[in-house]
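Visitor: One structure, pasted below without further comment.
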4 protein chains.
Amino acid sequence: MTGKREATVAARKRDLIRATIATIHAEGSLDVTMAEIAARAGVSPGLAHHYFGGKDQLILATMRHLLAGLQARSRAGWDAAETPRARVSALVQASFGPEQFAPETISAWLVVYVMAQKNAEAARMLRIYVRRLRTHLIVGLRPVAGGQAEAIAEAAGALIDGVYLRHALRSTRPDPAAAVALVEETIDARLAALG
Amino acid sequence: MTGKREATVAARKRDLIRATIATIHAEGSLDVTMAEIAARAGVSPGLAHHYFGGKDQLILATMRHLLAGLQARSRAGWDAAETPRARVSALVQASFGPEQFAPETISAWLVVYVMAQKNAEAARMLRIYVRRLRTHLIVGLRPVAGGQAEAIAEAAGALIDGVYLRHALRSTRPDPAAAVALVEETIDARLAALG
Amino acid sequence: MTGKREATVAARKRDLIRATIATIHAEGSLDVTMAEIAARAGVSPGLAHHYFGGKDQLILATMRHLLAGLQARSRAGWDAAETPRARVSALVQASFGPEQFAPETISAWLVVYVMAQKNAEAARMLRIYVRRLRTHLIVGLRPVAGGQAEAIAEAAGALIDGVYLRHALRSTRPDPAAAVALVEETIDARLAALG
Amino acid sequence: MTGKREATVAARKRDLIRATIATIHAEGSLDVTMAEIAARAGVSPGLAHHYFGGKDQLILATMRHLLAGLQARSRAGWDAAETPRARVSALVQASFGPEQFAPETISAWLVVYVMAQKNAEAARMLRIYVRRLRTHLIVGLRPVAGGQAEAIAEAAGALIDGVYLRHALRSTRPDPAAAVALVEETIDARLAALG
DNA sequence: CATGAATGAGTTTTCATTCAT
DNA sequence: TATGAATGAAAACTCATTCAT
């Protein structure tokens, strides 16, 4: 009985987070109203509050959801890879996975960056993500790039974010393969330039 | 007579645009009030409306100001450069010039990307900027990169944007030299990988 | 459950419409603020918006309320009357019924005419009212006035509106009986002049 | 020198009053801005203030202009008429003279009635007009209507105002001849009904 | 006298949040 | 729990009026 209820609550929360992403994409900014999100999730405006404690909390929860999804994908690919270079590729591919590189998610990411400008918690979470990606890239690159691992990791990380940013402008469907190729070719070139 | 007046008006407008950038940076988002901007510019809230016709128009004017500054710098560097490769470097350096790569400007750029999600004019202007940078990069790269010019231009453009985005998170002073080096090294690596 | 709630909502809406009429009368013009109306209705300023969607919509709803009241009265009198001439009288009496010819309503009518100058929907509604009154007057007058029915209907309609307009200026209590007499005597005279 | 200046001042004032009428008509309400009126008159917003002392004063001056025009016409017709009945007709015709019955003037009249709801001076002026028209109508009607002169004057006055009001709704060009006929026929009928 | 830049008070409108049911 | 009616604070925007030039 409680179990079922809790399941329902969790489902509602998930619905609300999904609705938040969808609404941000539809609206194109953080200027989304709780009423709009709630309506899209099929619940009352009051409920969103009740569950998350406020708009900021809901946005943060959404952000956590995005980061968790990205991290899960990264970890899975990382664990499955067998060489350092393959581990780096796994991180790149995770960034452009079907769920992460969807137009809705891209819009949400952009908004998350904006939110991080004023919300300490959002900034903290985003910094952790950036640092973690950087650390993993370095670990993966060290065996093949040595002392240049940091620089290449830096470039690769910025490049991934840049590709996201540019797709925020496009109306065309994002092409994950092209995005991956762009980043991979750049990493390869920088590695080749070492020798 | 009129001259002096017009100069004053133009000066006030410039003040307001500068105040807009400063306020966006201070506030960290597009959620800045006209009153706040006006106060920072030392004018009444009503004046910003009077001059620009509304908040959106003021933001767009600010955007135009940023793009114009960037373009002026790019053009100057481009014209002064003597080799194709040097022209490409000029574009990169223009992107990270002291005014463009200041924390205030970085915040404003981020906001502009967000605005472009819902404002058609903002999207149009941003797309023109992206296209122009791309075109120039290709022109500069063609002699040295041949058929790979497009791919490298794409990577370089995304990288520049990515570096900006990452600095939007940092509280430390942006380091133009490091940013330029990051991009230049990547371009060099990709060019080297061709031969 | 819902029934009670809906009743409350409908009641609040009615309150707001009544408050609109009262405020227009007290203020003497369309220059009434939503805050003023809301305060008179005992609700928050935001609620009027929530319910009606804006000031214009609230005024239009008020207008609809006035026209509906007038029409209900007209129809009842019309149906109860047994001769054509009596039907005409019923229309005249409806125009000067206690609710329609109250000072508050008179003020509101004047404002409605002004609003119709710029608001298409208001103009449409007012034109429908004028046309409907005219049509009914003609139907009632035809058996007794023949080909002169149109001209007399026109005069009677204008006279009713003129009496309203003149009472908008007076501070004294409107006298329905005198108003009815004025119009009736004129209609009688014009009918008498036929034969 | 002063003469010329004063002539210019008077001309500017006249321009402003005409611009006020035109703007009220164009805008369809009292919600006209000083800036709009001034622009239409080809002067600066500040000048309208300087000349009239404020918006209310300008509107009142406009009202005075309308009433003066109407009265001049009435007096001229009255003086030229040779029988009591002809004097009454002169008043009716003055009300529907080409300048008075123009769409612009009709709009302005409506606005004047609205203004009289809250502005004491406007109400006073309008009441004087109504009383004067009434008095003159009675004087003209007395010889032919005896004790019924008051009642007929009342009806005629209300009818004139009603015809104006109804034309405020129409988009078609007002037809002075038809308006005069409507009122005249009604007066004739009421006079005929006496015998 | 004339301008029009500038002000700031006043109004509409929006929306996160609360709370009675 | 869940609703959605209601609030009220905050923001954009308007415009009569002022005043330095």
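Scheme for the structure tokens: letters A, B, ... for chains in order shown; per-chain residue numbers from 1; ligand numbers from 1 in order shown.
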I need the residues of stretch 19-194 of chain C that end up classed as alpha helix (DSSP H) by DSSP on the backbone, written out as a ChimeraX atom specification.

Guide: /C:19-27,34-41,45-52,55-80,84-95,103-115,120-145,149-167,176-192

Visitor: Set the distance at 10 Å and use only C-alpha atoms (C1' of nucleotides): which residues neighbour A:Gly42 once local chain neighbours fewer than 4 positions away are removed? I'd like the list as a list of chain:residue names.

Guide: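 In the requested format, the answer is A:Arg12, A:Asp15, A:Leu16, A:Ala19, A:Glu36, A:Ile37, A:Ala38.
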
Visitor: Could you list, as a list in words, every residue within 9 Å of F:DA16, counting only C-alpha atoms (C1' of nucleotides) and ignoring same-chain residues fewer than 2 positions away?

Guide: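 Within the cut-off, the hits are Thr33, Met34, Gly54 and Lys55 of chain D.
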
Visitor: Could you list, as number ranges by chain, every residue within 10 Å of B:Ala189, counting only C-alpha atoms (C1' of nucleotides) and ignoring same-chain residues fewer than 4 positions away?

Guide: A: 186-194; B: 183-185, 193-194

Visitor: Pull out every residue of chain C that has at least one atom within 9 Å of chain D, counting only C-alpha atoms, and report them as a PyMOL selection string.

Guide: chain C and resi 25-31+107+110-111+113-119+123+126-127+130+151-152+154-166+168-170+182-183+185-194

Visitor: Contacts of stretch 8-21 of chain E at 12 Å or less, counting only C-alpha atoms (C1' of nucleotides), minus same-chain residues fewer than 2 places along, as a PyMOL selection string?

Guide: (chain A and resi 31-36+45-50+53-56) or (chain B and resi 35+43-47) or (chain C and resi 1-2+4-5+31-36+45-50+53-56) or (chain E and resi 6) or (chain F and resi 2-18)
